$ cat protein_0.cif   # mmCIF, C-alpha atoms
data_entry
#
loop_
_atom_site.label_atom_id
_atom_site.label_comp_id
_atom_site.auth_asym_id
_atom_site.auth_seq_id
_atom_site.Cartn_x
_atom_site.Cartn_y
_atom_site.Cartn_z
CA MET A 1 207.65 -36.98 -81.69
CA LYS A 2 207.00 -33.82 -79.80
CA LYS A 3 204.98 -31.36 -81.81
CA GLU A 4 206.63 -27.96 -81.91
CA ARG A 5 204.38 -25.02 -81.15
CA THR A 6 205.01 -21.54 -82.32
CA LEU A 7 203.41 -18.52 -80.75
CA SER A 8 201.59 -16.07 -82.95
CA VAL A 9 202.85 -13.28 -80.72
CA SER A 10 206.36 -13.62 -79.26
CA ALA A 11 206.72 -14.46 -75.59
CA ILE A 12 207.87 -11.75 -73.21
CA LYS A 13 210.41 -12.23 -70.44
CA ASN A 14 208.79 -9.86 -67.94
CA GLY A 15 205.57 -7.89 -68.03
CA THR A 16 201.86 -8.55 -68.57
CA VAL A 17 199.92 -10.73 -70.98
CA ILE A 18 196.28 -9.89 -71.53
CA ASP A 19 194.76 -12.92 -73.21
CA HIS A 20 191.30 -14.02 -74.35
CA ILE A 21 190.31 -10.55 -75.43
CA PRO A 22 187.23 -10.70 -77.68
CA CYS A 23 188.15 -9.98 -81.29
CA GLY A 24 188.24 -6.29 -82.02
CA SER A 25 188.66 -5.21 -78.40
CA ALA A 26 192.48 -5.14 -78.14
CA LEU A 27 192.75 -1.79 -79.88
CA LYS A 28 190.09 -0.37 -77.57
CA ILE A 29 192.10 -1.56 -74.55
CA LEU A 30 195.27 -0.08 -76.04
CA LYS A 31 193.57 3.27 -76.49
CA PHE A 32 192.06 3.01 -73.05
CA LEU A 33 195.28 2.24 -71.15
CA ASP A 34 197.20 4.69 -73.32
CA PHE A 35 200.72 3.24 -73.17
CA THR A 36 201.95 5.87 -75.59
CA LYS A 37 202.78 8.10 -72.62
CA GLU A 38 204.97 5.45 -70.96
CA ASN A 39 207.21 4.33 -73.79
CA VAL A 40 206.56 0.64 -73.07
CA GLN A 41 206.84 -2.05 -75.73
CA VAL A 42 203.46 -3.56 -76.59
CA THR A 43 202.86 -6.35 -79.08
CA ILE A 44 199.36 -7.16 -80.21
CA GLY A 45 197.85 -10.13 -81.97
CA LEU A 46 194.51 -9.63 -83.64
CA ASN A 47 191.96 -12.20 -84.82
CA LEU A 48 193.90 -15.21 -83.55
CA LYS A 49 192.44 -18.70 -83.45
CA SER A 50 191.50 -19.87 -79.97
CA SER A 51 190.36 -23.16 -78.50
CA LYS A 52 188.21 -21.38 -75.89
CA MET A 53 186.90 -18.63 -78.13
CA GLN A 54 186.39 -18.78 -81.86
CA CYS A 55 188.56 -15.75 -82.29
CA LYS A 56 190.59 -13.68 -79.87
CA ASP A 57 193.00 -10.80 -79.53
CA ILE A 58 196.06 -10.82 -77.28
CA MET A 59 198.30 -8.08 -75.86
CA LYS A 60 201.78 -8.48 -74.41
CA ILE A 61 203.23 -5.57 -72.51
CA GLN A 62 206.97 -5.76 -71.95
CA ASP A 63 208.39 -4.79 -68.52
CA ARG A 64 205.14 -3.33 -67.22
CA GLN A 65 202.78 -4.90 -64.68
CA ILE A 66 199.26 -3.63 -64.91
CA THR A 67 197.51 -2.79 -61.67
CA SER A 68 194.32 -4.32 -60.25
CA GLN A 69 192.53 -1.05 -61.01
CA GLU A 70 193.61 -1.24 -64.63
CA ALA A 71 192.41 -4.87 -64.72
CA HIS A 72 188.97 -3.69 -63.57
CA GLN A 73 188.99 -1.15 -66.35
CA ILE A 74 189.81 -3.87 -68.86
CA ALA A 75 186.77 -5.79 -67.61
CA ILE A 76 184.54 -3.05 -68.95
CA LEU A 77 185.85 -3.55 -72.48
CA ALA A 78 186.67 -7.26 -72.36
CA PRO A 79 184.99 -9.15 -69.51
CA SER A 80 186.34 -12.51 -70.73
CA ALA A 81 189.98 -11.35 -70.73
CA THR A 82 192.62 -12.97 -68.52
CA VAL A 83 195.53 -10.99 -67.12
CA ASN A 84 198.79 -12.77 -66.32
CA ILE A 85 201.89 -11.24 -64.82
CA ILE A 86 205.04 -12.74 -66.33
CA HIS A 87 208.46 -13.07 -64.72
CA ASN A 88 211.27 -14.91 -66.47
CA TYR A 89 208.81 -16.23 -69.09
CA GLU A 90 206.64 -17.81 -66.35
CA VAL A 91 203.20 -16.78 -65.13
CA VAL A 92 203.74 -15.66 -61.54
CA LYS A 93 200.38 -14.04 -60.86
CA LYS A 94 196.91 -13.99 -62.33
CA ILE A 95 194.93 -10.81 -61.79
CA PRO A 96 191.18 -11.43 -61.74
CA VAL A 97 189.28 -9.33 -64.23
CA THR A 98 186.11 -8.37 -62.44
CA LEU A 99 183.67 -5.60 -63.13
CA PRO A 100 183.74 -2.82 -60.54
CA GLU A 101 180.50 -1.51 -59.01
CA THR A 102 181.27 2.00 -60.17
CA ILE A 103 183.52 3.45 -62.85
CA GLU A 104 184.96 6.87 -62.32
CA SER A 105 186.48 9.23 -64.89
CA ILE A 106 187.72 6.68 -67.45
CA LEU A 107 184.66 6.37 -69.70
CA VAL A 108 182.91 8.99 -71.79
CA CYS A 109 179.11 9.00 -71.57
CA PRO A 110 177.70 7.94 -74.96
CA ASN A 111 174.78 10.35 -74.50
CA LYS A 112 175.78 13.48 -76.40
CA LYS A 113 173.27 15.48 -74.39
CA CYS A 114 174.86 14.49 -71.07
CA ILE A 115 176.32 17.42 -69.15
CA THR A 116 179.62 15.51 -68.74
CA ARG A 117 180.13 15.93 -72.50
CA GLN A 118 180.05 19.70 -72.13
CA GLU A 119 181.67 20.49 -68.77
CA LYS A 120 185.21 19.67 -67.71
CA THR A 121 184.29 17.06 -65.14
CA ASP A 122 184.94 13.41 -64.40
CA SER A 123 182.33 10.95 -65.59
CA PHE A 124 180.81 8.50 -63.10
CA PHE A 125 178.94 5.30 -63.91
CA PHE A 126 177.14 2.59 -61.94
CA VAL A 127 177.58 -0.99 -63.17
CA HIS A 128 174.47 -3.20 -63.10
CA LYS A 129 174.78 -6.93 -63.73
CA GLU A 130 171.62 -8.68 -64.85
CA GLY A 131 172.37 -12.34 -65.46
CA LYS A 132 174.96 -12.41 -68.22
CA LEU A 133 174.16 -8.88 -69.31
CA VAL A 134 175.99 -5.84 -68.01
CA PHE A 135 174.53 -2.35 -68.14
CA ILE A 136 176.37 0.83 -67.33
CA GLN A 137 174.35 3.78 -66.05
CA CYS A 138 175.56 7.38 -66.01
CA LYS A 139 175.16 8.99 -62.60
CA TYR A 140 174.39 12.34 -64.21
CA CYS A 141 172.07 11.86 -67.20
CA GLU A 142 170.74 8.58 -65.69
CA LYS A 143 170.89 6.84 -69.10
CA ARG A 144 171.64 3.12 -69.13
CA PHE A 145 173.80 1.57 -71.82
CA PRO A 146 174.67 -2.01 -72.65
CA GLN A 147 178.36 -2.68 -71.96
CA GLU A 148 179.01 -3.20 -75.68
CA GLU A 149 178.31 0.48 -76.31
CA PHE A 150 181.61 1.35 -74.65
CA MET B 1 167.02 20.23 -35.12
CA LYS B 2 167.59 19.61 -38.82
CA THR B 3 164.63 18.00 -40.60
CA PRO B 4 165.16 15.21 -43.19
CA PHE B 5 164.40 17.64 -46.04
CA GLN B 6 166.47 20.56 -44.83
CA GLY B 7 169.31 21.47 -47.18
CA ARG B 8 168.51 18.63 -49.58
CA ASP B 9 168.96 18.76 -53.35
CA ILE B 10 165.93 17.79 -55.43
CA LEU B 11 167.37 16.25 -58.58
CA SER B 12 165.34 13.21 -59.56
CA ILE B 13 161.96 11.92 -58.41
CA LEU B 14 163.57 8.67 -57.30
CA ASP B 15 165.61 10.59 -54.74
CA PHE B 16 162.35 10.56 -52.70
CA SER B 17 160.71 7.65 -50.92
CA LYS B 18 156.94 7.25 -51.14
CA LYS B 19 156.65 8.46 -47.55
CA GLU B 20 158.60 11.61 -48.40
CA ILE B 21 156.44 12.31 -51.46
CA LEU B 22 153.31 12.00 -49.32
CA GLN B 23 154.83 14.34 -46.74
CA ILE B 24 155.47 16.97 -49.44
CA LEU B 25 151.89 16.64 -50.69
CA GLU B 26 150.48 16.97 -47.17
CA THR B 27 152.62 20.07 -46.59
CA ALA B 28 151.31 21.53 -49.86
CA GLU B 29 147.71 20.91 -48.82
CA ALA B 30 148.34 22.47 -45.43
CA LEU B 31 149.87 25.59 -47.02
CA LYS B 32 146.93 25.85 -49.41
CA LYS B 33 144.51 25.64 -46.48
CA LYS B 34 146.45 27.95 -44.23
CA PRO B 35 148.83 30.26 -46.15
CA LYS B 36 151.95 31.45 -44.31
CA SER B 37 152.95 34.72 -45.84
CA ASP B 38 156.18 35.26 -43.91
CA LEU B 39 157.44 31.71 -43.52
CA LEU B 40 160.51 32.29 -45.72
CA LYS B 41 161.10 35.92 -44.83
CA GLY B 42 164.75 36.81 -45.39
CA LYS B 43 165.40 33.83 -47.68
CA ILE B 44 166.50 34.24 -51.30
CA LEU B 45 165.72 31.97 -54.22
CA ALA B 46 168.02 32.04 -57.27
CA SER B 47 165.95 31.24 -60.32
CA CYS B 48 168.44 30.07 -62.97
CA PHE B 49 166.76 29.21 -66.25
CA PHE B 50 169.28 28.42 -68.95
CA GLU B 51 166.32 27.20 -71.04
CA PRO B 52 162.91 28.85 -71.57
CA SER B 53 160.09 28.27 -69.11
CA THR B 54 156.81 29.93 -68.20
CA ARG B 55 154.94 27.88 -65.61
CA THR B 56 157.85 26.30 -63.76
CA ARG B 57 159.79 29.52 -63.34
CA LEU B 58 156.82 31.70 -62.46
CA SER B 59 155.27 29.15 -60.13
CA PHE B 60 158.56 28.82 -58.23
CA GLU B 61 158.88 32.59 -57.98
CA SER B 62 155.23 32.91 -56.99
CA ALA B 63 155.71 30.19 -54.35
CA MET B 64 158.74 32.00 -52.88
CA LEU B 65 157.02 35.40 -52.87
CA ARG B 66 153.83 33.99 -51.32
CA LEU B 67 155.94 32.61 -48.46
CA GLY B 68 157.59 35.98 -47.87
CA GLY B 69 160.93 35.20 -49.54
CA GLN B 70 162.67 37.02 -52.36
CA CYS B 71 163.83 35.99 -55.82
CA LEU B 72 166.70 36.85 -58.10
CA GLY B 73 167.85 35.23 -61.29
CA PHE B 74 167.59 35.05 -65.04
CA SER B 75 165.25 33.52 -67.56
CA ASP B 76 167.55 33.53 -70.55
CA SER B 77 171.09 32.14 -70.68
CA ASN B 78 171.95 34.84 -73.26
CA SER B 79 172.03 37.34 -70.43
CA THR B 80 174.56 35.33 -68.40
CA SER B 81 178.29 34.72 -68.52
CA SER B 82 177.66 31.30 -70.07
CA GLN B 83 177.60 33.27 -73.33
CA LYS B 84 181.19 34.30 -72.56
CA GLY B 85 182.12 30.66 -72.12
CA GLU B 86 181.75 30.40 -68.36
CA SER B 87 181.27 26.82 -67.21
CA LEU B 88 178.08 25.78 -65.44
CA THR B 89 180.06 24.68 -62.40
CA ASP B 90 181.75 28.09 -62.05
CA SER B 91 178.39 29.86 -62.41
CA ILE B 92 176.78 27.66 -59.76
CA LYS B 93 179.63 28.08 -57.27
CA VAL B 94 179.06 31.84 -57.37
CA ILE B 95 175.25 31.79 -57.50
CA GLY B 96 175.24 29.45 -54.50
CA SER B 97 176.87 32.15 -52.41
CA TYR B 98 174.16 34.66 -53.37
CA ALA B 99 171.08 32.60 -52.46
CA ASP B 100 169.60 30.13 -49.98
CA VAL B 101 168.19 27.83 -52.67
CA ILE B 102 168.83 27.44 -56.40
CA VAL B 103 166.13 26.47 -58.88
CA MET B 104 167.72 25.48 -62.14
CA ARG B 105 166.64 24.50 -65.64
CA HIS B 106 169.27 23.57 -68.20
CA PRO B 107 169.19 21.91 -71.63
CA MET B 108 171.88 19.32 -70.80
CA GLU B 109 170.89 16.08 -69.06
CA GLY B 110 172.39 15.61 -65.60
CA SER B 111 173.18 19.32 -65.28
CA ALA B 112 171.34 19.73 -61.97
CA ARG B 113 173.14 16.77 -60.39
CA LEU B 114 176.49 18.15 -61.49
CA ALA B 115 175.60 21.64 -60.27
CA ALA B 116 174.64 20.26 -56.86
CA GLU B 117 178.16 18.87 -56.45
CA TYR B 118 179.63 22.35 -56.77
CA THR B 119 177.62 24.20 -54.13
CA THR B 120 176.43 23.59 -50.59
CA THR B 121 173.25 25.55 -51.39
CA PRO B 122 170.35 23.17 -52.18
CA VAL B 123 169.69 22.77 -55.90
CA ILE B 124 166.21 22.02 -57.24
CA ASN B 125 166.07 20.51 -60.71
CA ALA B 126 163.45 22.38 -62.74
CA GLY B 127 164.15 20.26 -65.82
CA ASP B 128 167.46 18.95 -67.18
CA GLY B 129 167.15 18.35 -70.91
CA ALA B 130 165.00 15.30 -71.59
CA ASN B 131 165.94 13.65 -68.30
CA GLN B 132 163.92 14.62 -65.23
CA HIS B 133 161.43 17.18 -63.98
CA PRO B 134 160.76 16.13 -60.38
CA THR B 135 158.83 19.21 -59.27
CA GLN B 136 156.39 18.85 -62.18
CA THR B 137 155.77 15.32 -60.96
CA LEU B 138 155.09 16.50 -57.41
CA THR B 139 152.65 18.98 -58.95
CA ASP B 140 151.04 16.17 -60.98
CA LEU B 141 150.73 13.88 -57.96
CA LEU B 142 149.23 16.67 -55.89
CA ALA B 143 146.71 17.44 -58.66
CA ILE B 144 145.87 13.74 -59.08
CA LYS B 145 145.23 13.47 -55.37
CA GLN B 146 142.86 16.46 -55.50
CA CYS B 147 140.75 15.28 -58.41
CA GLN B 148 140.75 11.51 -57.69
CA LYS B 149 140.94 11.67 -53.86
CA THR B 150 143.71 9.03 -54.04
CA ILE B 151 146.92 8.32 -55.93
CA ASP B 152 146.93 4.56 -55.35
CA ASN B 153 145.98 1.91 -57.90
CA LEU B 154 144.89 4.33 -60.63
CA HIS B 155 144.84 3.58 -64.34
CA VAL B 156 146.98 6.22 -66.03
CA ALA B 157 147.62 6.67 -69.75
CA ILE B 158 150.66 8.72 -70.70
CA VAL B 159 150.46 9.95 -74.27
CA GLY B 160 152.78 11.69 -76.73
CA ASP B 161 156.53 12.17 -76.82
CA LEU B 162 157.62 9.72 -74.15
CA LYS B 163 161.24 9.68 -75.30
CA TYR B 164 162.05 13.33 -74.76
CA GLY B 165 159.18 14.32 -72.47
CA ARG B 166 160.92 14.55 -69.10
CA THR B 167 157.61 14.92 -67.25
CA ALA B 168 156.57 11.52 -68.60
CA HIS B 169 159.79 9.96 -67.26
CA SER B 170 159.48 11.39 -63.75
CA LEU B 171 155.74 10.67 -63.56
CA ALA B 172 156.04 7.04 -64.69
CA GLN B 173 158.76 6.45 -62.09
CA ALA B 174 156.79 8.16 -59.32
CA LEU B 175 153.60 6.24 -60.10
CA SER B 176 155.49 3.01 -59.51
CA TYR B 177 155.29 3.89 -55.80
CA PHE B 178 151.51 4.01 -56.06
CA LYS B 179 150.96 0.74 -57.95
CA ALA B 180 149.42 2.43 -60.97
CA ARG B 181 148.43 0.53 -64.11
CA LEU B 182 150.20 2.40 -66.89
CA TYR B 183 149.29 2.65 -70.58
CA PHE B 184 151.80 4.28 -72.93
CA ILE B 185 150.55 5.72 -76.20
CA CYS B 186 153.23 6.99 -78.54
CA PRO B 187 154.81 6.52 -81.97
CA GLU B 188 157.40 3.73 -81.84
CA TYR B 189 160.35 6.11 -82.25
CA LEU B 190 159.24 8.20 -79.26
CA SER B 191 158.98 5.37 -76.75
CA LEU B 192 160.12 5.59 -73.14
CA PRO B 193 163.85 5.18 -72.44
CA GLU B 194 164.96 1.68 -71.54
CA GLU B 195 166.01 2.69 -68.00
CA ILE B 196 162.48 3.86 -67.18
CA LEU B 197 160.91 0.63 -68.44
CA GLU B 198 163.50 -1.34 -66.50
CA HIS B 199 162.54 0.57 -63.35
CA LEU B 200 158.85 -0.27 -63.87
CA LYS B 201 159.61 -3.95 -64.46
CA ARG B 202 161.80 -4.10 -61.38
CA ASN B 203 158.96 -2.66 -59.30
CA GLY B 204 156.33 -5.01 -60.69
CA ILE B 205 154.30 -2.27 -62.41
CA LYS B 206 151.91 -3.44 -65.11
CA PHE B 207 152.27 -1.45 -68.31
CA SER B 208 151.48 -1.78 -71.99
CA PHE B 209 152.03 0.14 -75.22
CA HIS B 210 149.24 1.25 -77.53
CA ARG B 211 148.97 3.28 -80.71
CA LYS B 212 145.61 4.96 -80.10
CA ILE B 213 144.01 6.70 -77.14
CA SER B 214 140.70 4.99 -77.92
CA ASP B 215 142.36 1.59 -77.22
CA VAL B 216 142.51 2.32 -73.49
CA LEU B 217 140.45 5.43 -72.77
CA SER B 218 137.50 3.60 -71.22
CA LYS B 219 139.81 2.15 -68.52
CA CYS B 220 141.61 5.35 -67.57
CA ASP B 221 141.34 7.59 -64.53
CA ILE B 222 144.02 9.98 -65.78
CA LEU B 223 144.90 10.78 -69.39
CA TYR B 224 148.25 12.54 -69.33
CA LEU B 225 149.08 14.23 -72.63
CA THR B 226 152.48 15.62 -73.60
CA ARG B 227 153.60 17.66 -76.59
CA LEU B 228 156.16 16.65 -79.20
CA GLN B 229 159.54 18.01 -78.01
CA LYS B 230 160.55 19.16 -81.49
CA GLU B 231 163.56 21.04 -80.16
CA ARG B 232 165.12 17.80 -78.87
CA LEU B 233 164.50 15.53 -81.87
CA LEU B 234 167.53 14.10 -83.65
CA PRO B 235 167.74 14.90 -87.41
CA PHE B 236 166.66 11.39 -88.43
CA GLU B 237 163.70 11.58 -86.03
CA GLN B 238 162.54 14.85 -87.59
CA GLU B 239 162.29 13.01 -90.89
CA PHE B 240 159.71 10.59 -89.49
CA GLY B 241 157.25 13.45 -89.44
CA GLU B 242 154.69 11.34 -87.60
CA GLU B 243 152.32 13.54 -85.67
CA LEU B 244 151.03 12.82 -82.20
CA GLU B 245 147.43 11.78 -81.83
CA LYS B 246 145.10 14.69 -81.20
CA LEU B 247 142.58 14.47 -78.39
CA THR B 248 139.17 15.76 -79.44
CA LEU B 249 135.78 15.90 -77.75
CA PRO B 250 134.16 12.98 -79.63
CA LEU B 251 136.93 10.68 -78.38
CA LEU B 252 135.82 11.33 -74.79
CA LYS B 253 132.46 9.61 -75.25
CA GLU B 254 134.03 6.39 -74.01
CA ALA B 255 135.61 8.02 -70.95
CA LYS B 256 134.83 7.07 -67.36
CA LYS B 257 133.03 9.77 -65.41
CA ASN B 258 136.02 10.42 -63.17
CA LEU B 259 138.54 10.69 -66.05
CA LYS B 260 140.67 13.82 -65.87
CA ILE B 261 142.86 15.15 -68.66
CA PHE B 262 146.31 16.32 -67.59
CA HIS B 263 148.93 18.18 -69.61
CA PRO B 264 152.15 19.78 -68.27
CA LEU B 265 151.67 22.59 -70.85
CA PRO B 266 152.49 24.27 -73.14
CA ARG B 267 150.14 22.41 -75.43
CA ARG B 268 150.19 22.19 -79.16
CA GLU B 269 147.87 20.40 -81.56
CA GLU B 270 147.62 17.29 -79.36
CA LEU B 271 145.13 18.97 -77.00
CA ASP B 272 142.34 20.87 -78.71
CA SER B 273 141.07 24.01 -76.99
CA SER B 274 137.49 22.78 -77.50
CA LEU B 275 138.21 20.45 -74.58
CA ASP B 276 138.81 23.29 -72.13
CA SER B 277 135.17 23.44 -71.07
CA SER B 278 134.85 19.67 -70.72
CA PRO B 279 134.32 18.39 -67.16
CA HIS B 280 137.23 16.05 -67.88
CA ALA B 281 139.68 18.93 -68.45
CA TYR B 282 142.00 19.44 -65.47
CA TYR B 283 145.21 20.86 -66.96
CA PHE B 284 144.74 24.44 -65.82
CA GLU B 285 143.93 23.32 -62.25
CA GLN B 286 146.98 21.05 -62.50
CA ALA B 287 149.18 24.07 -63.31
CA GLU B 288 147.62 25.99 -60.41
CA TRP B 289 148.60 23.25 -57.94
CA GLY B 290 152.19 23.80 -59.05
CA VAL B 291 152.50 26.81 -56.78
CA CYS B 292 151.43 24.86 -53.66
CA ALA B 293 153.69 21.91 -54.49
CA ARG B 294 156.65 24.25 -54.88
CA GLN B 295 155.76 26.19 -51.73
CA ALA B 296 155.89 22.92 -49.83
CA LEU B 297 159.25 21.97 -51.30
CA LEU B 298 160.81 25.35 -50.56
CA ALA B 299 159.45 25.39 -47.00
CA LEU B 300 160.76 21.87 -46.32
CA ILE B 301 164.17 22.40 -47.91
CA LEU B 302 164.68 25.66 -46.06
CA GLY B 303 163.76 23.92 -42.80
CA LYS B 304 160.60 25.86 -42.07
CA GLN B 305 158.11 22.99 -41.89
#
$ encode --input "protein_0.cif" --output "structure tokens"
Amino acid sequence: MKKERTLSVSAIKNGTVIDHIPCGSALKILKFLDFTKENVQVTIGLNLKSSKMQCKDIMKIQDRQITSQEAHQIAILAPSATVNIIHNYEVVKKIPVTLPETIESILVCPNKKCITRQEKTDSFFFVHKEGKLVFIQCKYCEKRFPQEEF
Amino acid sequence: MKTPFQGRDILSILDFSKKEILQILETAEALKKKPKSDLLKGKILASCFFEPSTRTRLSFESAMLRLGGQCLGFSDSNSTSSQKGESLTDSIKVIGSYADVIVMRHPMEGSARLAAEYTTTPVINAGDGANQHPTQTLTDLLAIKQCQKTIDNLHVAIVGDLKYGRTAHSLAQALSYFKARLYFICPEYLSLPEEILEHLKRNGIKFSFHRKISDVLSKCDILYLTRLQKERLLPFEQEFGEELEKLTLPLLKEAKKNLKIFHPLPRREELDSSLDSSPHAYYFEQAEWGVCARQALLALILGKQ
């Protein structure tokens, strides 16, 4: 007898599914991509059981395809995430989530004494990969931070 | 023909290669030997100190005047439009049109790099918060070269507030070019930032941490003291209340004959005035070399060397 599976978060007909987000990071991604301005429908599952990860978050964004640039931005917050574009309930494209070499304007420097926290200017970071670790270094104050600090 | 230094910003010591550092030091020595009193005639230096300074500001102004140039500027941000809420970038755009070179000190880290993006006039970082102080390091290297006759393969102990002491950051990075053996002596909560240690590791520099000067003094060629940067401490750090080790004459019994004591000044309790007459004391000579180092930088940046 075929075992019936139910999804914790309803399927979407068209749009984007961001899966395998480490637990606790979906809300950060939501804040980061700021869909509130676009009036798109977003459903989120938090702390779901996963065969690959002990625990994961998932986001489903109805009728909105995220761009490659946005996928890179997601990599900063959730490097293990997978991004699938959905059409008619089928995955039609997988966007690789890879860390960019530099990150411009989207992050805030955690160093409160960094000039970018005082002046109206875009932030700029260099991404350094050292084995499995990722460090992000501010171009201005030159401070290095582990990726988790963002 | 434009020289490699002409029009360049000086923001961080790592913006220089070893070869370039040596070229600046050689230029400084040449200007010391043979002063050129009208080399920068007609050039204007804007001295923009948003944070207090004595030696850095005056040595830059002295350097410019000794080369025949002129200075304008301020030594207190309270007398500028930043008190009216003007942004740093707006201030720099305007100041850049008034001068040929800008020397800038600011309490926020990265301020000089940001300022340099808003003007085509070269910007020299004279200290940005706890981040970098590249011209102090050029001064230090020049002074080391004078008293040790070399900069290569020296044993250097850097003592004090290594977290907020920007001179310690720039110096440690610069000494990686010269294969120094570094000893860091500081309370645990005032240790060097991770990015500086990472730089040293990446460049294969041997370094170690110690709690007391006496642990390493007998091996050192240079003992570089720094003061506690009380004004930059976070509230929880102020509660530690741990004082820096004080250097006193009896401690120097173990010192090598060629040991020289450096301090970027101003000093506090960490460097007792009884040491001033010691043959190991070199901090006032070090400050004196600051004028030559800055003369060299100004001459090179303004394309006159």
$ interface_residues --input "protein_0.cif" --of "chain B" --to "chain A" --cutoff "7 Å" --atoms "all atoms listed in the file" --output "mmCIF file with C-alpha atoms, in the frame of the given file"
data_model
loop_
_atom_site.group_PDB
_atom_site.id
_atom_site.type_symbol
_atom_site.label_atom_id
_atom_site.label_comp_id
_atom_site.auth_asym_id
_atom_site.auth_seq_id
_atom_site.Cartn_x
_atom_site.Cartn_y
_atom_site.Cartn_z
ATOM 1 C CA SER B 87 181.270 26.820 -67.210
ATOM 2 C CA MET B 108 171.880 19.320 -70.800
ATOM 3 C CA GLU B 109 170.890 16.080 -69.060
ATOM 4 C CA GLY B 110 172.390 15.610 -65.600
ATOM 5 C CA SER B 111 173.180 19.320 -65.280
ATOM 6 C CA ARG B 113 173.140 16.770 -60.390
ATOM 7 C CA LEU B 114 176.490 18.150 -61.490
ATOM 8 C CA ASN B 131 165.940 13.650 -68.300
ATOM 9 C CA GLU B 195 166.010 2.690 -68.000
#
$ atom_distance --input "protein_0.cif" --atom1 "CA of Asn39 in chain A" --atom2 "CA of Ile66 in chain A"
14.3 Å
$ resolve_selection --input "protein_0.cif" --expression "the PyMOL selection byres ((chain A and resi 88-98) around 8)" --output "PyMOL selection string"
chain A and resi 11-14+68+71-72+74-75+79-87+99-100
$ atom_distance --input "protein_0.cif" --atom1 "CA of His280 in chain B" --atom2 "CA of Asp152 in chain B"
19.6 Å
$ resolve_selection --input "protein_0.cif" --expression "the PyMOL selection byres ((chain A and resi 44-56) around 7)" --output "list of chain:residue names"
A:Val9, A:His20, A:Ile21, A:Pro22, A:Cys23, A:Val42, A:Thr43, A:Asp57, A:Ile58, A:Met59, A:Lys60
$ decode --input "protein_0.cif" --residues "range 253-267 of chain B" --atoms "C-alpha atoms" --output "mmCIF file, in the first residue's frame"
data_model
loop_
_atom_site.group_PDB
_atom_site.id
_atom_site.type_symbol
_atom_site.label_atom_id
_atom_site.label_comp_id
_atom_site.auth_asym_id
_atom_site.auth_seq_id
_atom_site.Cartn_x
_atom_site.Cartn_y
_atom_site.Cartn_z
ATOM 1 C CA LYS B 253 68.951 44.259 33.970
ATOM 2 C CA GLU B 254 68.174 41.281 31.756
ATOM 3 C CA ALA B 255 68.102 43.335 28.550
ATOM 4 C CA LYS B 256 70.436 42.816 25.603
ATOM 5 C CA LYS B 257 72.853 45.675 25.030
ATOM 6 C CA ASN B 258 71.173 46.707 21.787
ATOM 7 C CA LEU B 259 67.626 46.698 23.241
ATOM 8 C CA LYS B 260 65.726 49.901 22.533
ATOM 9 C CA ILE B 261 62.487 50.952 24.187
ATOM 10 C CA PHE B 262 59.858 52.372 21.837
ATOM 11 C CA HIS B 263 56.564 54.061 22.696
ATOM 12 C CA PRO B 264 54.256 55.935 20.265
ATOM 13 C CA LEU B 265 53.460 58.383 23.125
ATOM 14 C CA PRO B 266 51.654 59.796 24.997
ATOM 15 C CA ARG B 267 52.775 57.576 27.836
#
